[in-house]
Amino acid sequence: MVKKVLLSDIHSKEAQMTEFAGFYMPLFFSSILEEHMAVREKVGIFDVSHMGRALIEGVDAIKFVNYLTANDVNRLVDGKSHYSLLLNENGGIVDDILVYRLTPSKIMIVYNAGNREKDLQWITTHANGFNVSIEDISDRTVMIAIQGPLSTKVVEKIYRKAPDLKRFYITRFSFKDIEGWISRTGYTGEDGFEIIAHVNDSSSIINLWNDLKHGVISVGGLPCGLGARDSLRLEAGYCLYGNDIDETTNPYEANLSWVVKMDQGDFIGKQALQELKDNITRLRIGLVMNDRSIPRKGYSIYDCDNKNLIGQVTSGGFSPILKKGIGMGYVNINYTVNGQRICIDVRGKTRNATIRNFPLYDTDRFGFRRKQ
Amino acid sequence: MVAKKKYIVPENLYYTKTHEWLKLLDESTAVIGITDYAQDMLHEIVYVDLPETGTVIEKGSPFMEIESVKSVAEIYAPVSGEIVEVNESLEDTPEILNESPYEDGWLVKIKLSDIKELEMLMDADEYLEYLSSL
């Protein structure tokens, strides 16, 4: 049974729809390539209401989330967020999430659509002995992402102080009859905002979407679907759970060791990580095709010289910025140097690629660190 | 679901269930391409992996690939024959397949080995009916 988000039926009038993680979502409104470029050069608006959102409240909120996640919540001030991981006892990745410290006793977690039930169960199960309440607010909120160098111009129409909101910070907002949170976060590599709004009546949410969409279009941007969201995150080097990370991958081999803070108290998986840290055999890398070809999930990676199997592609696609096939995958630790030439078996044909550090685009020209 | 789109299906072409079209140029040569429906399903086409001239193709077997931002598609030979010409402009401008699937975006020209195989293909009316059943 495919689930709809509040705006699914509105989108289906103008977008090509797809099923993703059990949700009926826009794949593209006009063109994946144009939507991708709109976000890199101007701005794009995405409905990402399929993402899971939960509030963890209580006097033990920080203590609990610290035990639950691999990053150190004590490093967050009120109104700040960070990327983090839910790990299992073996150090495998249960999910990758965003943790927002709203107040000292209130934390919001945003998790992957496909893991909504699993995560909620995981979080609830491990809350034993902590004074917290856990509430999934996904179905009574919507989540809208405004991404790209012009995103501030759009968002300041509904939140005047948007230009002052720093990267990874979150704040309450109200606009007309809508209330919610705005954070300066995203999944595209660009500067941008994510808006989580409470649903009181659906017509005001439809109005919010339309207001923001018209704002985006008026500065030359586009409404975007999950197709562009995927190609944008792939260029930036962000993992897609289920493809690039899962319960069989650990943070070290996933090249997410920067997320793990071992110099803090106990957290689930910490003990296993101590063992894993110095024993990794493979590493997640980025790759750019030299031949006219697109790597796709599951393709084998070989040493070009001796034809030994050295890894596998976990995500692939076409980069509108590089105009080349790009991908993400795991390779043997001996092959992870930037510039390393590798070969990929593309449906029986050997194709040439080069290992490249993420982001795959020129960071002077694109992304949130671009030179103005 | 979205209302079904209207796809262009020109008269006087032959069609396959795998969404290729074939146009007879004379009694032994034909040009092959993909239909408007096929290009729309693929969405933006970024690579066309053309076969070499002289390649012998067999009815119903894949003989080349087209890659789009979304996926990769194998193209099946509507009839058996030998490739005598390929549309090389697709290498540098694959997007013409999206823009003009029946004209500028043709794929290959072939010499037919058995003209009777055409009888097994659909005409425009049959293909339209097939599309509406999808």
# chains A, B, ... in the order shown; residues from 1 in each chain; ligands from 1
>>> residues_around(residues="Ser61 of chain B", least_positions_apart="2", cutoff="7 Å", atoms="only C-alpha atoms", output="ChimeraX atom specification")
/B:58-59,63,76-77
>>> write_last_selection(atoms="all heavy atoms", output="mmCIF file, in the first residue's frame")
data_model
loop_
_atom_site.group_PDB
_atom_site.id
_atom_site.type_symbol
_atom_site.label_atom_id
_atom_site.label_comp_id
_atom_site.auth_asym_id
_atom_site.auth_seq_id
_atom_site.Cartn_x
_atom_site.Cartn_y
_atom_site.Cartn_z
ATOM 1 N N GLU B 58 19.312 -9.731 -34.720
ATOM 2 C CA GLU B 58 18.329 -10.799 -34.814
ATOM 3 C C GLU B 58 17.021 -10.346 -34.184
ATOM 4 O O GLU B 58 17.009 -9.788 -33.088
ATOM 5 C CB GLU B 58 18.871 -12.022 -34.054
ATOM 6 C CG GLU B 58 18.144 -13.307 -34.372
ATOM 7 C CD GLU B 58 18.664 -14.450 -33.500
ATOM 8 O OE1 GLU B 58 19.860 -14.405 -33.116
ATOM 9 O OE2 GLU B 58 17.879 -15.349 -33.184
ATOM 10 N N LYS B 59 15.945 -10.562 -34.873
ATOM 11 C CA LYS B 59 14.623 -10.138 -34.394
ATOM 12 C C LYS B 59 14.400 -10.535 -32.932
ATOM 13 O O LYS B 59 14.581 -11.686 -32.548
ATOM 14 C CB LYS B 59 13.539 -10.799 -35.262
ATOM 15 C CG LYS B 59 12.118 -10.426 -34.849
ATOM 16 C CD LYS B 59 11.093 -11.074 -35.751
ATOM 17 C CE LYS B 59 9.692 -11.031 -35.134
ATOM 18 N NZ LYS B 59 9.280 -9.708 -34.666
ATOM 19 N N PHE B 63 20.266 -5.099 -29.347
ATOM 20 C CA PHE B 63 21.448 -4.801 -30.177
ATOM 21 C C PHE B 63 22.116 -3.484 -29.822
ATOM 22 O O PHE B 63 23.181 -3.166 -30.330
ATOM 23 C CB PHE B 63 21.067 -4.825 -31.668
ATOM 24 C CG PHE B 63 20.159 -3.690 -32.091
ATOM 25 C CD1 PHE B 63 20.685 -2.551 -32.695
ATOM 26 C CD2 PHE B 63 18.792 -3.761 -31.886
ATOM 27 C CE1 PHE B 63 19.863 -1.493 -33.079
ATOM 28 C CE2 PHE B 63 17.964 -2.712 -32.265
ATOM 29 C CZ PHE B 63 18.497 -1.584 -32.866
ATOM 30 N N TYR B 76 15.594 -3.530 -28.739
ATOM 31 C CA TYR B 76 15.442 -4.841 -29.363
ATOM 32 C C TYR B 76 15.209 -4.690 -30.864
ATOM 33 O O TYR B 76 14.511 -3.775 -31.300
ATOM 34 C CB TYR B 76 14.274 -5.595 -28.719
ATOM 35 C CG TYR B 76 14.526 -5.879 -27.250
ATOM 36 C CD1 TYR B 76 14.163 -4.955 -26.266
ATOM 37 C CD2 TYR B 76 15.148 -7.063 -26.849
ATOM 38 C CE1 TYR B 76 14.413 -5.208 -24.925
ATOM 39 C CE2 TYR B 76 15.404 -7.328 -25.511
ATOM 40 C CZ TYR B 76 15.034 -6.391 -24.552
ATOM 41 O OH TYR B 76 15.291 -6.646 -23.236
ATOM 42 N N ALA B 77 15.788 -5.602 -31.612
ATOM 43 C CA ALA B 77 15.638 -5.541 -33.062
ATOM 44 C C ALA B 77 14.203 -5.916 -33.440
ATOM 45 O O ALA B 77 13.743 -7.007 -33.108
ATOM 46 C CB ALA B 77 16.624 -6.509 -33.714
#
>>> residues_around(residues="Tyr102 of chain B", least_positions_apart="5", cutoff="12 Å", atoms="only C-alpha atoms", output="CSV table (one decimal) with C-alpha atoms, in the first residue's frame")
chain,number,residue,atom,x,y,z
B,7,TYR,CA,1.7,10.0,-27.4
B,8,ILE,CA,2.6,10.6,-31.0
B,9,VAL,CA,2.2,7.5,-33.0
B,10,PRO,CA,2.7,8.2,-36.8
B,11,GLU,CA,0.8,6.2,-39.4
B,12,ASN,CA,2.7,4.0,-41.9
B,13,LEU,CA,5.3,2.9,-39.3
B,14,TYR,CA,5.7,-0.6,-37.8
B,15,TYR,CA,5.8,-1.0,-34.0
B,19,HIS,CA,8.4,0.4,-28.1
B,20,GLU,CA,10.7,0.4,-31.2
B,21,TRP,CA,9.4,1.7,-34.6
B,22,LEU,CA,10.5,0.6,-38.0
B,23,LYS,CA,10.0,2.5,-41.3
B,31,VAL,CA,15.2,2.7,-40.4
B,32,ILE,CA,14.6,1.9,-36.7
B,33,GLY,CA,14.0,4.1,-33.8
B,34,ILE,CA,12.2,4.3,-30.4
B,35,THR,CA,8.7,5.6,-30.0
B,36,ASP,CA,7.5,8.8,-28.3
B,37,TYR,CA,6.3,6.7,-25.4
B,38,ALA,CA,9.7,5.1,-25.0
B,39,GLN,CA,11.6,8.4,-24.9
B,96,ILE,CA,17.5,14.8,-30.0
B,97,LEU,CA,16.1,11.3,-29.1
B,107,LEU,CA,18.9,5.0,-34.4
B,108,VAL,CA,20.1,2.7,-37.2
>>> atom_distance(atom1="atom CA of Val142 of chain A", atom2="atom CA of Leu7 of chain A")
8.6 Å
>>> interface_residues(of="chain B", to="chain A", cutoff="12 Å", atoms="only C-alpha atoms", output="compact mmCIF listing (two decimals) with N, CA, C and O atoms, in the first residue's frame")
# COMPACT_ATOMS: atom_id res chain seq x y z
N MET B 1 -3.52 8.37 -9.85
CA MET B 1 -2.55 8.35 -10.94
C MET B 1 -2.75 9.56 -11.86
O MET B 1 -3.83 10.12 -11.94
N VAL B 2 -1.70 9.88 -12.57
CA VAL B 2 -1.76 10.97 -13.54
C VAL B 2 -2.56 10.49 -14.75
O VAL B 2 -2.48 9.33 -15.13
N ALA B 3 -3.33 11.39 -15.31
CA ALA B 3 -4.08 11.03 -16.51
C ALA B 3 -3.11 10.59 -17.61
O ALA B 3 -2.00 11.12 -17.71
N LYS B 4 -3.52 9.61 -18.42
CA LYS B 4 -2.61 9.10 -19.45
C LYS B 4 -2.27 10.19 -20.46
O LYS B 4 -3.13 10.92 -20.93
N LYS B 5 -0.99 10.27 -20.76
CA LYS B 5 -0.56 11.27 -21.73
C LYS B 5 -0.91 10.82 -23.13
O LYS B 5 -1.06 9.64 -23.39
N ASP B 40 9.67 9.13 -23.59
CA ASP B 40 9.07 9.79 -22.43
C ASP B 40 9.29 8.96 -21.17
O ASP B 40 9.56 9.49 -20.10
N MET B 41 9.17 7.63 -21.29
CA MET B 41 9.40 6.76 -20.14
C MET B 41 10.85 6.84 -19.66
O MET B 41 11.13 6.82 -18.48
N LEU B 42 11.78 6.89 -20.63
CA LEU B 42 13.19 6.97 -20.26
C LEU B 42 13.54 8.30 -19.61
O LEU B 42 14.45 8.40 -18.82
N HIS B 43 12.78 9.34 -19.94
CA HIS B 43 13.06 10.71 -19.53
C HIS B 43 14.36 11.14 -20.22
O HIS B 43 14.65 10.65 -21.32
N GLU B 44 15.15 12.02 -19.62
CA GLU B 44 16.24 12.65 -20.35
C GLU B 44 17.36 11.68 -20.73
O GLU B 44 18.04 11.15 -19.87
N ILE B 45 17.56 11.50 -22.02
CA ILE B 45 18.55 10.54 -22.52
C ILE B 45 19.92 11.21 -22.57
O ILE B 45 20.05 12.33 -23.10
N VAL B 46 20.92 10.55 -21.97
CA VAL B 46 22.25 11.17 -21.89
C VAL B 46 23.32 10.40 -22.68
O VAL B 46 24.34 10.98 -23.05
N TYR B 47 23.13 9.10 -22.91
CA TYR B 47 24.10 8.34 -23.69
C TYR B 47 23.38 7.39 -24.65
O TYR B 47 22.40 6.75 -24.27
N VAL B 48 23.90 7.30 -25.86
CA VAL B 48 23.40 6.32 -26.81
C VAL B 48 24.61 5.48 -27.24
O VAL B 48 25.59 6.02 -27.76
N ASP B 49 24.54 4.20 -26.94
CA ASP B 49 25.66 3.30 -27.24
C ASP B 49 25.37 2.62 -28.58
O ASP B 49 24.70 1.59 -28.64
N LEU B 50 25.85 3.24 -29.65
CA LEU B 50 25.50 2.77 -31.00
C LEU B 50 26.28 1.51 -31.39
O LEU B 50 27.44 1.37 -31.04
N MET B 64 21.52 -2.69 -28.92
CA MET B 64 22.17 -1.47 -28.45
C MET B 64 21.50 -1.01 -27.17
O MET B 64 20.46 -1.53 -26.79
N GLU B 65 22.13 -0.02 -26.51
CA GLU B 65 21.59 0.48 -25.26
C GLU B 65 21.44 2.00 -25.29
O GLU B 65 22.22 2.69 -25.93
N ILE B 66 20.43 2.44 -24.58
CA ILE B 66 20.23 3.88 -24.40
C ILE B 66 20.17 4.16 -22.91
O ILE B 66 19.47 3.47 -22.18
N GLU B 67 20.93 5.15 -22.46
CA GLU B 67 20.93 5.49 -21.04
C GLU B 67 20.32 6.85 -20.82
O GLU B 67 20.62 7.81 -21.52
N SER B 68 19.45 6.90 -19.81
CA SER B 68 18.88 8.19 -19.43
C SER B 68 19.29 8.48 -18.00
O SER B 68 19.91 7.64 -17.34
N VAL B 69 18.93 9.68 -17.51
CA VAL B 69 19.24 10.00 -16.12
C VAL B 69 18.57 8.99 -15.19
O VAL B 69 19.06 8.73 -14.11
N LYS B 70 17.47 8.41 -15.61
CA LYS B 70 16.73 7.50 -14.75
C LYS B 70 17.21 6.06 -14.85
O LYS B 70 17.27 5.36 -13.85
N SER B 71 17.46 5.59 -16.08
CA SER B 71 17.70 4.15 -16.23
C SER B 71 18.41 3.84 -17.54
O SER B 71 18.72 4.73 -18.33
N VAL B 72 18.66 2.56 -17.75
CA VAL B 72 19.26 2.13 -18.99
C VAL B 72 18.26 1.20 -19.70
O VAL B 72 17.58 0.42 -19.05
N ALA B 73 18.15 1.34 -21.02
CA ALA B 73 17.20 0.53 -21.76
C ALA B 73 17.92 -0.20 -22.89
O ALA B 73 18.75 0.39 -23.59
N GLU B 74 17.61 -1.47 -23.05
CA GLU B 74 18.11 -2.20 -24.20
C GLU B 74 17.12 -2.01 -25.35
O GLU B 74 15.91 -1.96 -25.13
N GLU B 91 25.62 10.48 -30.71
CA GLU B 91 26.73 10.39 -29.76
C GLU B 91 26.95 11.70 -29.02
O GLU B 91 27.17 11.72 -27.82
N ASP B 92 26.89 12.80 -29.77
CA ASP B 92 27.15 14.11 -29.15
C ASP B 92 25.88 14.83 -28.72
O ASP B 92 25.93 15.69 -27.84
N PRO B 94 22.58 13.36 -27.71
CA PRO B 94 21.59 12.31 -27.44
C PRO B 94 20.19 12.87 -27.17
O PRO B 94 19.19 12.17 -27.34
N GLU B 95 20.15 14.16 -26.76
CA GLU B 95 18.84 14.75 -26.42
C GLU B 95 17.90 14.85 -27.62
O GLU B 95 16.70 14.98 -27.43
N ASN B 98 14.96 12.60 -27.38
CA ASN B 98 13.79 13.07 -26.66
C ASN B 98 12.98 14.05 -27.50
O ASN B 98 11.76 14.06 -27.48
>>> atom_distance(atom1="atom CA of Val313 of chain A", atom2="atom CA of Tyr335 of chain A")
13.9 Å
>>> residues_around(residues="Asp114 of chain B", least_positions_apart="5", cutoff="9 Å", atoms="only C-alpha atoms", output="CSV table (one decimal) with N, CA and C atoms, in the first residue's frame")
chain,number,residue,atom,x,y,z
B,28,SER,N,14.0,-3.6,-49.2
B,28,SER,CA,14.9,-4.3,-48.4
B,28,SER,C,15.7,-3.5,-47.3
B,79,VAL,N,13.2,-6.6,-36.4
B,79,VAL,CA,13.3,-7.6,-37.4
B,79,VAL,C,14.8,-8.0,-37.5
B,80,SER,N,15.1,-9.1,-38.2
B,80,SER,CA,16.5,-9.5,-38.4
B,80,SER,C,17.1,-8.7,-39.6
B,81,GLY,N,18.4,-8.6,-39.5
B,81,GLY,CA,19.1,-7.9,-40.6
B,81,GLY,C,20.5,-7.5,-40.3
>>> select_by_dssp(residues="segment 52-127 of chain B", states="alpha helix (DSSP H)", output="MDAnalysis selection string")
chainID B and resid 89:92 96:99 124:127
>>> write_last_selection(atoms="all heavy atoms", output="mmCIF file, in the first residue's frame")
data_model
loop_
_atom_site.group_PDB
_atom_site.id
_atom_site.type_symbol
_atom_site.label_atom_id
_atom_site.label_comp_id
_atom_site.auth_asym_id
_atom_site.auth_seq_id
_atom_site.Cartn_x
_atom_site.Cartn_y
_atom_site.Cartn_z
ATOM 1 N N SER B 89 25.058 11.305 -35.011
ATOM 2 C CA SER B 89 24.814 12.567 -34.300
ATOM 3 C C SER B 89 24.286 12.323 -32.882
ATOM 4 O O SER B 89 24.353 13.207 -32.034
ATOM 5 C CB SER B 89 23.840 13.444 -35.079
ATOM 6 O OG SER B 89 22.597 12.796 -35.177
ATOM 7 N N LEU B 90 23.785 11.106 -32.632
ATOM 8 C CA LEU B 90 23.276 10.796 -31.290
ATOM 9 C C LEU B 90 24.390 10.724 -30.249
ATOM 10 O O LEU B 90 24.143 10.873 -29.056
ATOM 11 C CB LEU B 90 22.514 9.472 -31.295
ATOM 12 C CG LEU B 90 21.205 9.457 -32.088
ATOM 13 C CD1 LEU B 90 20.641 8.049 -32.141
ATOM 14 C CD2 LEU B 90 20.192 10.407 -31.465
ATOM 15 N N GLU B 91 25.615 10.483 -30.706
ATOM 16 C CA GLU B 91 26.731 10.390 -29.763
ATOM 17 C C GLU B 91 26.945 11.704 -29.024
ATOM 18 O O GLU B 91 27.170 11.719 -27.820
ATOM 19 C CB GLU B 91 28.016 10.002 -30.505
ATOM 20 C CG GLU B 91 27.924 8.614 -31.119
ATOM 21 C CD GLU B 91 29.128 7.751 -30.796
ATOM 22 O OE1 GLU B 91 30.225 8.316 -30.653
ATOM 23 O OE2 GLU B 91 28.962 6.531 -30.671
ATOM 24 N N ASP B 92 26.893 12.803 -29.769
ATOM 25 C CA ASP B 92 27.151 14.105 -29.146
ATOM 26 C C ASP B 92 25.882 14.834 -28.722
ATOM 27 O O ASP B 92 25.926 15.686 -27.840
ATOM 28 C CB ASP B 92 27.958 14.993 -30.099
ATOM 29 C CG ASP B 92 29.354 14.434 -30.315
ATOM 30 O OD1 ASP B 92 29.917 13.878 -29.344
ATOM 31 O OD2 ASP B 92 29.869 14.522 -31.443
ATOM 32 N N ILE B 96 18.447 14.731 -28.837
ATOM 33 C CA ILE B 96 17.521 14.778 -29.988
ATOM 34 C C ILE B 96 16.601 13.560 -30.006
ATOM 35 O O ILE B 96 15.530 13.583 -30.605
ATOM 36 C CB ILE B 96 18.246 14.916 -31.363
ATOM 37 C CG1 ILE B 96 19.211 13.773 -31.616
ATOM 38 C CG2 ILE B 96 18.919 16.272 -31.488
ATOM 39 C CD1 ILE B 96 19.877 13.845 -32.977
ATOM 40 N N LEU B 97 16.991 12.497 -29.283
ATOM 41 C CA LEU B 97 16.093 11.350 -29.147
ATOM 42 C C LEU B 97 14.825 11.719 -28.382
ATOM 43 O O LEU B 97 13.747 11.205 -28.658
ATOM 44 C CB LEU B 97 16.814 10.222 -28.402
ATOM 45 C CG LEU B 97 17.236 9.025 -29.230
ATOM 46 C CD1 LEU B 97 18.075 8.082 -28.400
ATOM 47 C CD2 LEU B 97 16.017 8.297 -29.775
ATOM 48 N N ASN B 98 14.960 12.598 -27.383
ATOM 49 C CA ASN B 98 13.790 13.070 -26.664
ATOM 50 C C ASN B 98 12.982 14.053 -27.501
ATOM 51 O O ASN B 98 11.761 14.056 -27.476
ATOM 52 C CB ASN B 98 14.195 13.769 -25.353
ATOM 53 C CG ASN B 98 14.754 12.807 -24.321
ATOM 54 O OD1 ASN B 98 15.920 12.874 -23.966
ATOM 55 N ND2 ASN B 98 13.946 11.881 -23.842
ATOM 56 N N GLU B 99 13.707 14.880 -28.261
ATOM 57 C CA GLU B 99 13.037 15.957 -28.989
ATOM 58 C C GLU B 99 12.359 15.470 -30.259
ATOM 59 O O GLU B 99 11.322 15.967 -30.663
ATOM 60 C CB GLU B 99 14.059 17.057 -29.344
ATOM 61 C CG GLU B 99 14.539 17.818 -28.122
ATOM 62 C CD GLU B 99 15.923 18.448 -28.329
ATOM 63 O OE1 GLU B 99 16.414 18.470 -29.482
ATOM 64 O OE2 GLU B 99 16.508 18.902 -27.327
ATOM 65 N N ALA B 124 0.094 1.306 -36.605
ATOM 66 C CA ALA B 124 -0.127 2.431 -35.673
ATOM 67 C C ALA B 124 -1.367 2.213 -34.801
ATOM 68 O O ALA B 124 -1.335 2.458 -33.598
ATOM 69 C CB ALA B 124 -0.241 3.735 -36.458
ATOM 70 N N ASP B 125 -2.460 1.732 -35.411
ATOM 71 C CA ASP B 125 -3.695 1.525 -34.640
ATOM 72 C C ASP B 125 -3.498 0.475 -33.560
ATOM 73 O O ASP B 125 -3.938 0.636 -32.419
ATOM 74 C CB ASP B 125 -4.842 1.097 -35.571
ATOM 75 C CG ASP B 125 -5.328 2.267 -36.420
ATOM 76 O OD1 ASP B 125 -4.997 3.420 -36.057
ATOM 77 O OD2 ASP B 125 -6.005 2.026 -37.440
ATOM 78 N N GLU B 126 -2.822 -0.610 -33.958
ATOM 79 C CA GLU B 126 -2.595 -1.687 -32.991
ATOM 80 C C GLU B 126 -1.681 -1.222 -31.845
ATOM 81 O O GLU B 126 -1.888 -1.574 -30.689
ATOM 82 C CB GLU B 126 -1.985 -2.915 -33.690
ATOM 83 C CG GLU B 126 -2.968 -3.623 -34.597
ATOM 84 C CD GLU B 126 -2.295 -4.638 -35.527
ATOM 85 O OE1 GLU B 126 -1.154 -4.382 -35.990
ATOM 86 O OE2 GLU B 126 -2.915 -5.679 -35.790
ATOM 87 N N TYR B 127 -0.682 -0.416 -32.210
ATOM 88 C CA TYR B 127 0.246 0.069 -31.177
ATOM 89 C C TYR B 127 -0.462 1.035 -30.218
ATOM 90 O O TYR B 127 -0.274 0.981 -29.003
ATOM 91 C CB TYR B 127 1.467 0.727 -31.824
ATOM 92 C CG TYR B 127 2.486 1.234 -30.813
ATOM 93 C CD1 TYR B 127 3.151 0.356 -29.959
ATOM 94 C CD2 TYR B 127 2.782 2.598 -30.706
ATOM 95 C CE1 TYR B 127 4.084 0.819 -29.020
ATOM 96 C CE2 TYR B 127 3.716 3.065 -29.780
ATOM 97 C CZ TYR B 127 4.359 2.177 -28.941
ATOM 98 O OH TYR B 127 5.263 2.627 -28.021
#
>>> residues_around(residues="Ile285 of chain A", least_positions_apart="4", cutoff="12 Å", atoms="only C-alpha atoms", output="ChimeraX atom specification")
/A:234-239,244,252-256,301,311-316,326-340,342,353-360
>>> closest_residue(among="B:Ser100, B:Thr29, B:Thr53, B:Asn87", to="Leu112 of chain B", atoms="only C-alpha atoms")
B:Thr29
>>> atom_distance(atom1="atom CA of Ile10 of chain A", atom2="atom CA of Leu240 of chain A")
26.2 Å
>>> residues_around(residues="Leu150 of chain A", least_positions_apart="6", cutoff="8 Å", atoms="only C-alpha atoms", output="list in words")
Lys42, Val43 and Val219 of chain A
>>> residues_around(residues="segment 90-100 of chain A", least_positions_apart="6", cutoff="6 Å", atoms="only C-alpha atoms", output="list in words")
Lys80, Ser81, His82, Tyr83, Ser84, Ile107, Met108, Ile109, Val110, Tyr111, Asp246, Glu247, Thr248, Thr249, Asn250, Gly269, Ala272 and Leu273 of chain A
>>> residues_around(residues="Phe64 of chain A", least_positions_apart="6", cutoff="10 Å", atoms="only C-alpha atoms", output="list in words")
Ile56, Glu57, Gly58, Val73, Ile107, Ile123, His126, Ala127, Asn128, Gly129, Phe130, Asn131, Val132 and Phe267 of chain A
>>> write_last_selection(atoms="C-alpha atoms", output="compact mmCIF listing (two decimals), in the first residue's frame")
# COMPACT_ATOMS: atom_id res chain seq x y z
CA ILE A 56 12.12 13.33 22.17
CA GLU A 57 11.13 15.26 25.27
CA GLY A 58 11.91 15.00 28.97
CA VAL A 73 24.84 15.94 21.61
CA ILE A 107 15.30 17.11 20.77
CA ILE A 123 14.35 4.49 19.68
CA HIS A 126 16.22 1.76 23.93
CA ALA A 127 14.45 4.46 25.93
CA ASN A 128 13.98 2.11 28.86
CA GLY A 129 15.27 3.70 32.04
CA PHE A 130 15.36 7.23 30.57
CA ASN A 131 12.84 9.87 31.55
CA VAL A 132 11.72 10.78 28.01
CA PHE A 267 26.50 5.01 23.26
